[in-house]
There are 4 protein chains.
Amino acid sequence: MERIAVIGQSGMIPEHVRLLAEEIGSEIAKRGAVLLTGGGSGVMEAVSRGAKQANGLVVGILAGDDKQAANEFIDIPINTGLGFDYRSVLLVHSADAIIMIGGGNGTLGELSAAYMNKKRVIIVENSGGWSNTVKQIAFEGCYLDERRTVEIQFAKTAKSAVDLAFQSIYNPVDPDKNTGLIGD
Amino acid sequence: MERIAVIGQSGMIPEHVRLLAEEIGSEIAKRGAVLLTGGGSGVMEAVSRGAKQANGLVVGILAGDDKQAANEFIDIPINTGLGFDYRSVLLVHSADAIIMIGGGNGTLGELSAAYMNKKRVIIVENSGGWSNTVKQIAFEGCYLDERRTVEIQFAKTAKSAVDLAFQSIYNPVDPDKNTGLIGD
Amino acid sequence: MERIAVIGQSGMIPEHVRLLAEEIGSEIAKRGAVLLTGGGSGVMEAVSRGAKQANGLVVGILAGDDKQAANEFIDIPINTGLGFDYRSVLLVHSADAIIMIGGGNGTLGELSAAYMNKKRVIIVENSGGWSNTVKQIAFEGCYLDERRTVEIQFAKTAKSAVDLAFQSIYNPVDPDKNTGLIGD
Amino acid sequence: MERIAVIGQSGMIPEHVRLLAEEIGSEIAKRGAVLLTGGGSGVMEAVSRGAKQANGLVVGILAGDDKQAANEFIDIPINTGLGFDYRSVLLVHSADAIIMIGGGNGTLGELSAAYMNKKRVIIVENSGGWSNTVKQIAFEGCYLDERRTVEIQFAKTAKSAVDLAFQSIYNPVDPDKNTGLIGD
């Protein structure tokens with residue numbers, strides 16, 4: 001069973017980002033993957049709502065010890081007691097592929113941890129926050145440093161983001177030979 | 001959804017322990033709780049087999065980054081990349097109640113972490129290893145030190161162990177006033 | 001005793017970055033603070049060499065379990081066994097202030113963890129890598145997201161970076177009221 | 001530079017345990033090793049006081065983020081932000097050898113983590129708590145399970161405990177062939 005993590009900011013999110021997140025959650029569920037998130041509000045809640053509406057299974061990797069801190073769409077809360085920062089690293093370890101929507105500093109940390117762990121990240125363009133910024137500043141447009149550890153991909157739509165996530169799981173890029181997969 | 005962790009040794013286990021673990025897994029699943037384990041062999045595998053035979057949901061909290069390291073009955077592997085020792089602590093944080101069967105040193109560490117986190121542990125008597133030893137040496141027969149943080153309970157059968165686990169979730173003991181719940 | 005962490009890339013570093021790191025290490029030691037680093041090569045080694053030449057004390061927070069992995073200037077290796085990603089988060093927790101020199105993706109992750117933990121980071125300008133990029137893209141030039149958690153500062157010289165680090169320790173910014181401290 | 005961890009309970013400790021811990025701290029310092037502890041009260045404070053009186057260097061691996069939580073004899077507080085349980089595991093990773101004095105449940109967890117990581121532990125006999133109990137119940141008197149991962153040693157005096165700790169560092173036991181080193 002594939003495990004796709006969706007990362008993005010908590011709190012208030014714009015309407016178009018909420019709709020995007022819900023569609024991504026729905027697509028992940030329809031294709032039979034488990035959705036992983038940090039279990040919080042904002043993007044995490046919207047994507048989880050979408051997954052549940054499509055009868056998916058949603059796991060929330062929580063920072064603290066209170067399972068009530070999970071949003072209402074989490075089926076299985078995993079309490080780490082590690083705090084938000086270590087938790088972000090843990091979330092990445094359990095993901096077969098990662099989709100990034102918008103995002104503040106916490107999401108940036110998850111992106112960095114994903115890259116370090118050679119995990120594919122698909123960034124949804126024009127979804128705000130660090131998702132808007134990374135492309136402009138990434139090394140060669142898709143790497144977080146000169147090591148070219150793993151290529152970040154960019155998607156324009158919910159559907160293409162999930163396509164790329166599944167594609168990366170079934171055709172994993174050889175981390176020693178990145179050959180330029182291209183997002184939509 | 002309740003989350004019940006079952007802890008016990010990996011590797012070869014005696015036949016009566018295997019049957020006991022399978023029955024416990026089955027009981028957990030029949031009553032609708034999620035089973036959490038470390039995802040490995042031995043007790044972890046037997047309890048997971050039992051849960052799957054009863055159509056339960058099984059989460060494996062793995063030490064490393066390889067999801068193939070999970071036994072075949074794990075529905076959702078959570079890879080921590082933390083190693084066995086930190087992983088054992090993490091497993092405890094996510095459990096609403098814990099059942100202990102047999103057990104070597106790793107299980108002892110999980111018991112200790114559970115006690116520190118005020119988690120109820122039900123030890124199945126005569127299941128071998130540390131499960132046999134703790135009762136003799138525990139402070140007042142049921143505590144791991146003079147702090148009396150949370151009372152360890154003992155069960156004689158698979159069914160009574162699961163009964164006590166659910167009972168502890170629905171009637172959590174006030175950690176500041178342990179009033180002597182008694183196992184079977 | 002103040003604890004100042006210096007973060008930056010491992011491996012080969014340009015000569016001017018090496019000299020800068022050595023001077024920063026030396027300044028930290030002369031003023032009586034403990035130097036914390038990840039214990040590796042590159043910037044971590046250069047800053048440690050500088051600190052030892054000024055008779056300082058150097059702690060290396062290592063990813064793995066081998067204390068021989070520390071560079072030769074580490075007085076006290078702390079082995080975490082956590083891997084590089086969790087280790088980066090841990091390093092930040094122990095620092096009273098942080099100086100960032102150059103830096104690849106690992107340094108970016110440390111910067112993000114520092115910001116999440118409300119730790120002051122002073123970035124040395126024109127030292128390469130993410131140190132060159134952050135200023136252009138940070139929110140309002142000094143924040144990693146709209147939360148304005150803690151202001152990142154920028155320094156042009158080794159001495160002013162260490163000045164700002166000590167200043168932030170003795171006059172900690174109220175995280176709830178960032179009033180615009182200005183680097184040189 | 002050798003790193004010797006001393007583990008034992010926090011809070012009130014009997015006078016003879018306090019004196020024992022101080023003497024062990026002093027011996028560690030006189031022989032030039034760094035003392036590692038959890039940085040708290042009780043045994044941790046007494047051993048640190050002893051080390052400082054002999055001009056030693058003391059590192060405290062703290063559970064939380066407040067460096068003021070360290071006792072007054074800690075030279076270098078390492079804040080982990082991990083909580084007491086994960087912190088106990090971390091402490092063990094950084095120790096070249098471990099001396100155990102008395103001890104409640106937290107110390108038991110550290111003993112278990114040490115054994116899992118093949119770290120030599122020397123238990124001071126008659127120092128109370130789990131230090132009194134382990135010998136009676138350990139497998140073959142010195143192992144925490146049938147794996148015989150690493151032999152626990154026992155010492156009757158402060159001096160012999162430190163002797164055994166240094167001896168284990170310079171003549172590490174081959175974990176694959178435990179040949180029965182004998183304490184005093």
# chains A, B, ... in the order shown; residues from 1 in each chain; ligands from 1
>>> calpha_fit_and_write(fixed="chain B", moving="chain C", output="tab-separated table (two decimals) with C-alpha atoms, in the first residue's frame")
chain	number	residue	atom	x	y	z
C	1	MET	CA	-10.61	4.37	17.35
C	2	GLU	CA	-8.63	2.74	20.17
C	3	ARG	CA	-4.99	1.94	19.59
C	4	ILE	CA	-3.67	-1.08	21.45
C	5	ALA	CA	0.02	-1.89	21.25
C	6	VAL	CA	1.29	-5.41	21.77
C	7	ILE	CA	4.93	-5.78	22.74
C	8	GLY	CA	7.06	-8.91	22.96
C	9	GLN	CA	10.16	-10.49	21.55
C	10	SER	CA	11.11	-10.95	17.93
C	11	GLY	CA	12.56	-14.13	16.47
C	12	MET	CA	11.56	-17.68	17.44
C	13	ILE	CA	8.78	-17.96	20.01
C	14	PRO	CA	7.28	-21.04	21.67
C	15	GLU	CA	4.08	-22.48	20.20
C	16	HIS	CA	1.91	-21.57	23.21
C	17	VAL	CA	3.11	-17.96	23.02
C	18	ARG	CA	2.38	-17.82	19.31
C	19	LEU	CA	-1.18	-19.06	19.88
C	20	LEU	CA	-1.67	-16.62	22.72
C	21	ALA	CA	-0.44	-13.72	20.59
C	22	GLU	CA	-2.70	-14.70	17.70
C	23	GLU	CA	-5.71	-14.84	19.98
C	24	ILE	CA	-4.89	-11.44	21.44
C	25	GLY	CA	-4.56	-9.98	17.94
C	26	SER	CA	-7.86	-11.49	16.95
C	27	GLU	CA	-9.63	-10.14	20.06
C	28	ILE	CA	-8.25	-6.64	19.50
C	29	ALA	CA	-9.46	-6.66	15.90
C	30	LYS	CA	-12.93	-8.06	16.72
C	31	ARG	CA	-13.50	-5.24	19.16
C	32	GLY	CA	-12.59	-2.63	16.59
C	33	ALA	CA	-9.26	-1.34	17.85
C	34	VAL	CA	-6.18	-0.71	15.74
C	35	LEU	CA	-3.24	-2.96	16.57
C	36	LEU	CA	0.15	-1.30	16.93
C	37	THR	CA	3.39	-3.25	17.02
C	38	GLY	CA	7.03	-2.79	16.18
C	39	GLY	CA	6.29	-4.56	12.89
C	40	GLY	CA	8.87	-7.31	13.35
C	41	SER	CA	8.87	-11.09	13.76
C	42	GLY	CA	7.99	-13.32	16.72
C	43	VAL	CA	5.24	-11.97	18.95
C	44	MET	CA	4.80	-8.95	16.67
C	45	GLU	CA	4.12	-11.17	13.68
C	46	ALA	CA	1.84	-13.60	15.52
C	47	VAL	CA	-0.38	-10.91	17.01
C	48	SER	CA	-0.60	-9.22	13.60
C	49	ARG	CA	-1.58	-12.47	11.92
C	50	GLY	CA	-4.35	-12.89	14.47
C	51	ALA	CA	-5.60	-9.37	13.89
C	52	LYS	CA	-5.66	-9.77	10.12
C	53	GLN	CA	-7.52	-13.08	10.36
C	54	ALA	CA	-10.22	-11.11	12.19
C	55	ASN	CA	-10.11	-8.33	9.54
C	56	GLY	CA	-8.37	-5.84	11.80
C	57	LEU	CA	-6.10	-2.95	10.94
C	58	VAL	CA	-2.40	-3.28	11.84
C	59	VAL	CA	0.19	-0.53	12.08
C	60	GLY	CA	3.90	-1.33	12.37
C	61	ILE	CA	6.22	1.29	13.86
C	62	LEU	CA	9.52	0.32	12.25
C	63	ALA	CA	13.02	1.14	13.44
C	64	GLY	CA	14.50	1.70	10.01
C	65	ASP	CA	13.65	3.14	6.62
C	66	ASP	CA	12.81	-0.01	4.70
C	67	LYS	CA	9.12	-0.74	4.62
C	68	GLN	CA	9.85	-4.26	3.42
C	69	ALA	CA	11.23	-4.94	6.90
C	70	ALA	CA	7.66	-5.13	8.17
C	71	ASN	CA	6.09	-8.56	8.57
C	72	GLU	CA	3.50	-9.54	5.97
C	73	PHE	CA	0.52	-8.69	8.19
C	74	ILE	CA	1.28	-4.99	8.58
C	75	ASP	CA	-1.21	-2.77	6.74
C	76	ILE	CA	0.52	0.51	7.40
C	77	PRO	CA	4.25	0.58	8.04
C	78	ILE	CA	5.49	3.74	9.74
C	79	ASN	CA	9.20	4.09	9.09
C	80	THR	CA	10.95	6.12	11.74
C	81	GLY	CA	14.62	5.85	10.78
C	82	LEU	CA	15.31	6.20	14.51
C	83	GLY	CA	16.78	2.79	15.32
C	84	PHE	CA	15.27	0.20	17.64
C	85	ASP	CA	15.79	2.05	20.89
C	86	TYR	CA	14.20	5.40	20.06
C	87	ARG	CA	11.54	3.51	18.08
C	88	SER	CA	10.50	1.60	21.19
C	89	VAL	CA	9.83	4.87	22.96
C	90	LEU	CA	7.83	6.18	20.02
C	91	LEU	CA	5.63	3.08	19.91
C	92	VAL	CA	4.58	3.66	23.49
C	93	HIS	CA	3.54	7.27	22.85
C	94	SER	CA	0.96	6.18	20.28
C	95	ALA	CA	-0.69	3.47	22.36
C	96	ASP	CA	-3.86	3.93	24.41
C	97	ALA	CA	-3.06	0.69	26.22
C	98	ILE	CA	-0.32	-1.90	25.95
C	99	ILE	CA	-0.31	-5.69	26.26
C	100	MET	CA	3.01	-7.38	26.99
C	101	ILE	CA	3.71	-11.01	26.05
C	102	GLY	CA	6.99	-12.66	27.02
C	103	GLY	CA	9.75	-10.29	26.04
C	104	GLY	CA	13.48	-9.74	26.06
C	105	ASN	CA	15.43	-6.57	26.72
C	106	GLY	CA	13.68	-4.53	24.01
C	107	THR	CA	10.33	-5.31	25.60
C	108	LEU	CA	11.73	-4.34	29.00
C	109	GLY	CA	12.68	-0.95	27.55
C	110	GLU	CA	9.17	-0.51	26.19
C	111	LEU	CA	7.68	-1.43	29.56
C	112	SER	CA	9.87	1.19	31.21
C	113	ALA	CA	8.95	3.85	28.63
C	114	ALA	CA	5.27	3.01	29.05
C	115	TYR	CA	5.47	3.40	32.82
C	116	MET	CA	7.25	6.74	32.43
C	117	ASN	CA	4.47	7.91	30.12
C	118	LYS	CA	1.71	6.72	32.48
C	119	LYS	CA	0.48	4.16	29.98
C	120	ARG	CA	-1.36	1.12	31.25
C	121	VAL	CA	0.52	-2.13	30.57
C	122	ILE	CA	-1.18	-5.51	30.94
C	123	ILE	CA	1.32	-8.35	31.25
C	124	VAL	CA	0.23	-11.82	30.22
C	125	GLU	CA	1.40	-14.15	32.95
C	126	ASN	CA	3.49	-17.22	32.16
C	127	SER	CA	4.25	-15.99	28.68
C	128	GLY	CA	8.00	-16.11	29.29
C	129	GLY	CA	10.88	-13.66	29.47
C	130	TRP	CA	10.37	-10.43	31.36
C	131	SER	CA	6.64	-11.09	31.57
C	132	ASN	CA	7.46	-13.88	34.01
C	133	THR	CA	9.96	-11.86	36.01
C	134	VAL	CA	8.38	-8.46	36.51
C	135	LYS	CA	5.71	-9.55	38.99
C	136	GLN	CA	8.29	-10.98	41.39
C	137	ILE	CA	10.43	-7.92	41.47
C	138	ALA	CA	8.10	-4.99	40.90
C	139	PHE	CA	7.67	-2.60	43.81
C	140	GLU	CA	4.52	-3.69	45.68
C	141	GLY	CA	4.10	-6.25	42.90
C	142	CYS	CA	2.93	-3.77	40.28
C	143	TYR	CA	5.11	-0.65	40.09
C	144	LEU	CA	8.50	-0.05	38.50
C	145	ASP	CA	9.60	2.27	41.25
C	146	GLU	CA	8.47	3.97	44.42
C	147	ARG	CA	6.77	6.74	42.46
C	148	ARG	CA	3.82	4.38	41.81
C	149	THR	CA	3.36	6.15	38.48
C	150	VAL	CA	0.87	3.71	37.03
C	151	GLU	CA	-0.07	0.23	38.15
C	152	ILE	CA	0.97	-2.66	35.92
C	153	GLN	CA	-1.79	-5.22	35.56
C	154	PHE	CA	-1.54	-8.97	35.02
C	155	ALA	CA	-3.81	-11.22	33.00
C	156	LYS	CA	-3.97	-15.01	32.74
C	157	THR	CA	-5.69	-15.31	29.37
C	158	ALA	CA	-5.72	-13.56	26.01
C	159	LYS	CA	-9.31	-12.51	26.49
C	160	SER	CA	-8.82	-11.05	29.94
C	161	ALA	CA	-5.73	-9.16	28.73
C	162	VAL	CA	-7.78	-7.48	26.00
C	163	ASP	CA	-10.63	-6.88	28.47
C	164	LEU	CA	-8.25	-5.08	30.79
C	165	ALA	CA	-6.78	-3.08	27.92
C	166	PHE	CA	-10.18	-1.77	26.84
C	167	GLN	CA	-11.24	-1.23	30.44
C	168	SER	CA	-8.19	0.95	31.02
C	169	ILE	CA	-9.03	3.05	27.97
C	170	TYR	CA	-12.61	3.69	28.99
C	171	ASN	CA	-11.90	4.05	32.68
C	172	PRO	CA	-8.46	5.56	32.75
C	173	VAL	CA	-6.82	5.45	36.13
C	174	ASP	CA	-6.11	8.85	37.60
C	175	PRO	CA	-2.33	8.72	37.71
C	176	ASP	CA	-2.39	10.82	40.86
C	177	LYS	CA	-4.63	8.38	42.66
C	178	ASN	CA	-3.99	4.76	41.78
C	179	THR	CA	-6.79	2.86	43.41
C	180	GLY	CA	-5.79	-0.68	42.78
C	181	LEU	CA	-7.55	-2.07	39.73
C	182	ILE	CA	-7.11	-5.80	39.81
C	183	GLY	CA	-6.47	-8.07	36.83
C	184	ASP	CA	-7.81	-11.58	36.76
>>> select_by_dssp(residues="range 112-183 of chain A", states="strand (DSSP E)", output="NGL selection string")
:A and (121-124 or 153-155)
>>> select_by_dssp(residues="chain B", states="alpha helix (DSSP H)", output="PyMOL selection string")
chain B and resi 15-30+43-53+83-93+105-116+129-137+158-170
